[in-house]
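Enquirer: Questions regarding the structure given below will be posed in turn.
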Amino acid sequence: AQSVAQPEDQVNVAEGNPLTVKCTYSVSGNPYLFWYVQYPNRGLQFLLKYITGDNLVKGSYGFEAEFNKSQTSFHLKKPSALVSDSALYFCAVRDDDMRFGAGTRLTVKP
Amino acid sequence: GAGVSQSPRYKVAKRGQDVALRCDPISGHVSLFWYQQALGQGPEFLTYFQNEAQLDKSGLPSDRFFAERPEGSVSTLKIQRTQQEDSAVYLCASSSGQAYSNTGELFFGEGSRLTVL
């Protein structure tokens with residue numbers, strides 16, 4: 001069965017600095033990978049996905065993610081963090097259904 | 001509607017009561033998913049429908065949990081004889097695409113928060 005791992009429970013960055021939220025995956029077939037964000041008391045919002053093609057995918061709110069097949073990773077990145085980016089971030093992999101990582105809490109300090 | 005709608009948003013139940021949580025997916029979406037999310041944790045898969053067919057219910061934690069989608073649109077997650085460990089947010093999501101399409105993103109509702117006293 002497919003799975004993803006998010007090795008960091010928490011990531012802290014200063015506003016204006018670049019941020020990275022890590023994700024590694026395990027699948028038996030083609031990896032279909034996703035990133036979601038969750039704000040307090042809200043559902044999950046889709047940020048971006050990798051299906052095929054260019055290893056660097058761009059998504060909402062200035063986020064991007066880099067697919068690395070040799071390292072089985074799909075790290076989320078943003079060149080310049082905003083305080084409003086503070087939220088829970090989930091990596092996910094889809095086969096028929098979708099399985100999520102445990103989440104990483106991103107805190108961006110002014 | 002424009003998005004996935006879930007009701008009720010908040011439900012408080014006494015231990016032993018039955019509860020029903022409703023999900024109204026985005027119109028025309030073939031796939032529907034239920035997840036359970038504990039506080040500060042990632043969503044845990046419960047079950048998955050393609051139209052009215054329940055293709056995977058491997059994530060349902062016990063036989064007290066039951067989900068249905070009889071007409072391939074609205075879905076109901078039912079929990080019988082609730083226990084304190086059932087307290088969580090229950091998220092519903094839908095996705096477009098044909099059966100077994102696995103490249104589409106899921107669109108989530110805001111969840112139903114269940115508290116069992």
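How things are named: the first chain in the structure tokens is A, the next is B, and so on; residues count from 1 in each chain; ligands count from 1 in the order shown.
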Could you produce a table of the residues of chain B lying within 8 Å of chain A, with the nearest pair of atoms per residue and their separation in Å rounded to one decimal, using only C-alpha atoms, ordered by chain and increasing residue number, as JSON lines?
Expert:
{"residue": "B:Phe33", "atom": "CA", "partner": "A:Asp97", "partner_atom": "CA", "distance": 7.7}
{"residue": "B:Gly40", "atom": "CA", "partner": "A:Gly103", "partner_atom": "CA", "distance": 8.0}
{"residue": "B:Gln41", "atom": "CA", "partner": "A:Ala102", "partner_atom": "CA", "distance": 5.4}
{"residue": "B:Gly42", "atom": "CA", "partner": "A:Ala102", "partner_atom": "CA", "distance": 4.3}
{"residue": "B:Pro43", "atom": "CA", "partner": "A:Phe100", "partner_atom": "CA", "distance": 6.2}
{"residue": "B:Glu44", "atom": "CA", "partner": "A:Phe100", "partner_atom": "CA", "distance": 7.1}
{"residue": "B:Phe45", "atom": "CA", "partner": "A:Arg99", "partner_atom": "CA", "distance": 6.6}
{"residue": "B:Tyr48", "atom": "CA", "partner": "A:Asp97", "partner_atom": "CA", "distance": 6.8}
{"residue": "B:Leu91", "atom": "CA", "partner": "A:Gly43", "partner_atom": "CA", "distance": 7.3}
{"residue": "B:Tyr100", "atom": "CA", "partner": "A:Asp96", "partner_atom": "CA", "distance": 5.7}
{"residue": "B:Ser101", "atom": "CA", "partner": "A:Asp96", "partner_atom": "CA", "distance": 7.0}
{"residue": "B:Asn102", "atom": "CA", "partner": "A:Asp96", "partner_atom": "CA", "distance": 5.4}
{"residue": "B:Thr103", "atom": "CA", "partner": "A:Tyr32", "partner_atom": "CA", "distance": 6.2}
{"residue": "B:Glu105", "atom": "CA", "partner": "A:Phe46", "partner_atom": "CA", "distance": 7.0}
{"residue": "B:Leu106", "atom": "CA", "partner": "A:Phe46", "partner_atom": "CA", "distance": 7.4}
{"residue": "B:Phe107", "atom": "CA", "partner": "A:Gln45", "partner_atom": "CA", "distance": 7.3}
{"residue": "B:Phe108", "atom": "CA", "partner": "A:Gly43", "partner_atom": "CA", "distance": 5.7}
{"residue": "B:Gly109", "atom": "CA", "partner": "A:Gly43", "partner_atom": "CA", "distance": 5.6}
{"residue": "B:Glu110", "atom": "CA", "partner": "A:Gly43", "partner_atom": "CA", "distance": 4.1}
{"residue": "B:Gly111", "atom": "CA", "partner": "A:Gly43", "partner_atom": "CA", "distance": 6.1}
Enquirer: When you count only C-alpha atoms, which of these residues is closest to Pro7 (chain A): A:Thr20, A:Lys77, A:Ser70, A:Leu56?
Expert: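 For Pro7 (chain A), the nearest of the given residues is A:Thr20.
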Enquirer: Just asking: which residues within chain B are strand (DSSP E or B) according to DSSP, as number ranges by chain?
Expert: B: 5-7, 10-13, 19-24, 31-37, 44-50, 53-56, 65-68, 75-79, 88-95, 107-108, 112-116
Enquirer: For Val30 (chain B), which of B:Leu77, B:Ala93, B:Ala2, B:Leu60 is the closest residue, counting only C-alpha atoms?
Expert: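 When distances to Val30 (chain B) are compared using only C-alpha atoms, the smallest one comes from B:Ala93.
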Enquirer: Counting only C-alpha atoms, figure out which residue out of B:Ser94, B:Thr115, B:Gln17, B:Gln83 gets nearest to Pro61 (chain B).
Expert: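 Of B:Ser94, B:Thr115, B:Gln17, B:Gln83, the one nearest Pro61 (chain B) is B:Gln83, counting only C-alpha atoms.
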